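Chemist: Can you read through this structure? Questions will come right after.
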Amino acid sequence: ICLVCRQAETVDGLTHVHFERGEMRLFVKNVPARVCPSCGEAYVEEDIAVRLLQEAVKTYRTGILDEIINFSNIHPAK
């Protein structure tokens, strides 16, 4: 059951995730998640979250300020 609205069971779906740090902005599209059909809240599994955070750190360290990528282009976590 969704932790936010408590109205529905979450279902497999896709979401997007946005990171900001200083001037760096990273937008990741098509992230696999469990999504609430009632309120739209999305929950990602731990392994997905690790991959997202690693990509955000990598983007920040390279000095890229704005980037939009698809989740499928992120390599698996090490």
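How things are named: the first chain in the structure tokens is A, the next is B, and so on; residues count from 1 in each chain; ligands count from 1 in the order shown.
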Taking the backbone alone, and naming residues the way the document does, which bits of chain A are alpha helix (DSSP H) by DSSP, as a list of chain:residue names?
Modeler: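 The alpha helix (DSSP H) subset of chain A is A:Glu46, A:Asp47, A:Ile48, A:Ala49, A:Val50, A:Arg51, A:Leu52, A:Leu53, A:Gln54, A:Glu55, A:Ala56, A:Val57, A:Lys58, A:Thr59, A:Tyr60, A:Arg61, A:Thr62.
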Chemist: Go ahead and dump the residues you just picked, all heavy atoms, as a compact mmCIF listing (two decimals), in the first residue's frame.
Modeler:
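Once everything was written out, this is out.txt:
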# COMPACT_ATOMS: atom_id res chain seq x y z
N GLU A 46 16.37 -0.69 -3.70
CA GLU A 46 17.67 -0.26 -3.19
C GLU A 46 18.76 -0.30 -4.27
O GLU A 46 19.55 0.64 -4.38
CB GLU A 46 18.08 -1.13 -2.01
CG GLU A 46 19.39 -0.70 -1.38
CD GLU A 46 19.78 -1.53 -0.17
OE1 GLU A 46 19.04 -2.46 0.19
OE2 GLU A 46 20.83 -1.23 0.41
N ASP A 47 18.80 -1.36 -5.08
CA ASP A 47 19.85 -1.45 -6.10
C ASP A 47 19.70 -0.36 -7.15
O ASP A 47 20.69 0.18 -7.66
CB ASP A 47 19.87 -2.83 -6.76
CG ASP A 47 18.58 -3.18 -7.47
OD1 ASP A 47 17.49 -2.88 -6.95
OD2 ASP A 47 18.65 -3.77 -8.57
N ILE A 48 18.48 0.04 -7.45
CA ILE A 48 18.23 1.14 -8.39
C ILE A 48 18.70 2.45 -7.76
O ILE A 48 19.36 3.27 -8.41
CB ILE A 48 16.73 1.22 -8.75
CG1 ILE A 48 16.23 -0.08 -9.35
CG2 ILE A 48 16.45 2.43 -9.63
CD1 ILE A 48 16.74 -0.41 -10.70
N ALA A 49 18.39 2.66 -6.48
CA ALA A 49 18.81 3.88 -5.78
C ALA A 49 20.33 4.00 -5.75
O ALA A 49 20.87 5.10 -5.97
CB ALA A 49 18.24 3.90 -4.36
N VAL A 50 21.02 2.89 -5.53
CA VAL A 50 22.49 2.90 -5.51
C VAL A 50 23.02 3.32 -6.87
O VAL A 50 23.92 4.18 -6.96
CB VAL A 50 23.05 1.52 -5.09
CG1 VAL A 50 24.54 1.43 -5.35
CG2 VAL A 50 22.74 1.25 -3.63
N ARG A 51 22.47 2.77 -7.93
CA ARG A 51 22.92 3.13 -9.28
C ARG A 51 22.66 4.61 -9.56
O ARG A 51 23.51 5.30 -10.15
CB ARG A 51 22.22 2.26 -10.32
CG ARG A 51 22.71 0.83 -10.30
CD ARG A 51 21.89 -0.09 -11.15
NE ARG A 51 21.99 0.21 -12.56
CZ ARG A 51 21.31 -0.44 -13.50
NH1 ARG A 51 20.49 -1.42 -13.17
NH2 ARG A 51 21.44 -0.11 -14.77
N LEU A 52 21.52 5.12 -9.14
CA LEU A 52 21.20 6.53 -9.35
C LEU A 52 22.17 7.44 -8.60
O LEU A 52 22.66 8.42 -9.16
CB LEU A 52 19.77 6.82 -8.90
CG LEU A 52 18.65 6.23 -9.77
CD1 LEU A 52 17.32 6.32 -9.03
CD2 LEU A 52 18.58 6.94 -11.11
N LEU A 53 22.44 7.10 -7.36
CA LEU A 53 23.36 7.93 -6.55
C LEU A 53 24.78 7.89 -7.11
O LEU A 53 25.46 8.92 -7.15
CB LEU A 53 23.34 7.48 -5.10
CG LEU A 53 22.05 7.80 -4.35
CD1 LEU A 53 22.03 7.11 -2.99
CD2 LEU A 53 21.88 9.30 -4.21
N GLN A 54 25.23 6.72 -7.57
CA GLN A 54 26.56 6.62 -8.17
C GLN A 54 26.64 7.48 -9.43
O GLN A 54 27.65 8.14 -9.67
CB GLN A 54 26.90 5.16 -8.48
CG GLN A 54 27.22 4.34 -7.26
CD GLN A 54 27.47 2.88 -7.58
OE1 GLN A 54 27.10 2.37 -8.64
NE2 GLN A 54 28.10 2.19 -6.65
N GLU A 55 25.59 7.48 -10.22
CA GLU A 55 25.57 8.29 -11.43
C GLU A 55 25.58 9.79 -11.09
O GLU A 55 26.26 10.58 -11.75
CB GLU A 55 24.35 7.95 -12.29
CG GLU A 55 24.35 8.62 -13.64
CD GLU A 55 25.46 8.13 -14.56
OE1 GLU A 55 25.99 7.01 -14.38
OE2 GLU A 55 25.81 8.88 -15.49
N ALA A 56 24.86 10.17 -10.06
CA ALA A 56 24.85 11.57 -9.64
C ALA A 56 26.24 12.02 -9.18
O ALA A 56 26.69 13.11 -9.54
CB ALA A 56 23.83 11.78 -8.52
N VAL A 57 26.91 11.18 -8.41
CA VAL A 57 28.27 11.51 -7.96
C VAL A 57 29.21 11.62 -9.16
O VAL A 57 30.01 12.55 -9.25
CB VAL A 57 28.78 10.46 -6.94
CG1 VAL A 57 30.26 10.63 -6.68
CG2 VAL A 57 27.99 10.56 -5.65
N LYS A 58 29.11 10.68 -10.09
CA LYS A 58 29.96 10.70 -11.28
C LYS A 58 29.73 11.98 -12.09
O LYS A 58 30.68 12.64 -12.52
CB LYS A 58 29.67 9.46 -12.14
CG LYS A 58 30.54 9.36 -13.37
CD LYS A 58 30.23 8.08 -14.12
CE LYS A 58 29.42 8.46 -15.33
NZ LYS A 58 29.07 7.34 -16.18
N THR A 59 28.47 12.34 -12.28
CA THR A 59 28.14 13.56 -13.04
C THR A 59 28.71 14.79 -12.34
O THR A 59 29.30 15.66 -12.97
CB THR A 59 26.61 13.68 -13.20
OG1 THR A 59 26.13 12.54 -13.90
CG2 THR A 59 26.24 14.95 -13.95
N TYR A 60 28.55 14.85 -11.02
CA TYR A 60 29.08 15.99 -10.25
C TYR A 60 30.59 16.10 -10.40
O TYR A 60 31.12 17.18 -10.62
CB TYR A 60 28.68 15.84 -8.78
CG TYR A 60 29.17 16.95 -7.92
CD1 TYR A 60 28.53 18.20 -7.93
CD2 TYR A 60 30.27 16.80 -7.09
CE1 TYR A 60 28.97 19.24 -7.15
CE2 TYR A 60 30.72 17.83 -6.29
CZ TYR A 60 30.08 19.05 -6.33
OH TYR A 60 30.53 20.08 -5.55
N ARG A 61 31.28 14.96 -10.29
CA ARG A 61 32.75 14.97 -10.35
C ARG A 61 33.29 15.33 -11.72
O ARG A 61 34.40 15.86 -11.82
CB ARG A 61 33.30 13.61 -9.91
CG ARG A 61 33.15 13.39 -8.44
CD ARG A 61 33.75 12.08 -8.01
NE ARG A 61 33.63 11.93 -6.56
CZ ARG A 61 33.71 10.78 -5.93
NH1 ARG A 61 33.93 9.67 -6.60
NH2 ARG A 61 33.60 10.74 -4.62
N THR A 62 32.54 15.05 -12.78
CA THR A 62 33.01 15.39 -14.12
C THR A 62 32.83 16.87 -14.44
O THR A 62 33.37 17.34 -15.43
CB THR A 62 32.28 14.55 -15.20
OG1 THR A 62 30.90 14.84 -15.14
CG2 THR A 62 32.54 13.08 -15.05
Chemist: Report as CSV the residues of segment 37-58 of chain A within 8 Å of segment 5-23 of chain A, each with its shortest atom pair and distance in Å (one decimal), using only C-alpha atoms, ordered by chain and increasing residue number.
Modeler:
residue,atom,partner,partner_atom,distance
A:Pro37,CA,A:Thr10,CA,6.6
A:Ser38,CA,A:Ala8,CA,6.1
A:Cys39,CA,A:Cys5,CA,6.5
A:Ala42,CA,A:Thr15,CA,6.6
A:Ala56,CA,A:Phe19,CA,6.9
Chemist: Could you find all residues in chain A that DSSP calls strand (DSSP E or B) from the backbone, and write them as a PyMOL selection string?
Modeler: chain A and resi 11-21+24-35+42-43+66-70
Chemist: Which is closer to Met24 of chain A than all the others in A:Glu41, A:Phe71, A:Gly63, A:Ile1, using only C-alpha atoms?
Modeler: A:Gly63
Chemist: Expressed in Å to a single decimal, how great is the separation between atom CA of Arg34 of chain A and atom CA of Leu3 of chain A?
Modeler: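 Result for atom CA of Arg34 of chain A versus atom CA of Leu3 of chain A: 11.7 Å, one decimal.
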Chemist: Please compute the atom CA of Tyr43 of chain A-atom CA of Ile69 of chain A distance, one decimal, in Å.
Modeler: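 Interatomic distance here is 19.1 Å.
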Chemist: Between atom CA of Ile74 of chain A and atom CA of Leu26 of chain A, what is the spacing in Å?
Modeler: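 Between atom CA of Leu26 of chain A and atom CA of Ile74 of chain A the gap is 12.5 Å.
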Chemist: Measuring atom to atom with only C-alpha atoms, identify which of A:Glu45, A:Arg25, A:Val31, A:Gly40 is nearest to Ile68 of chain A.
Modeler: A:Arg25
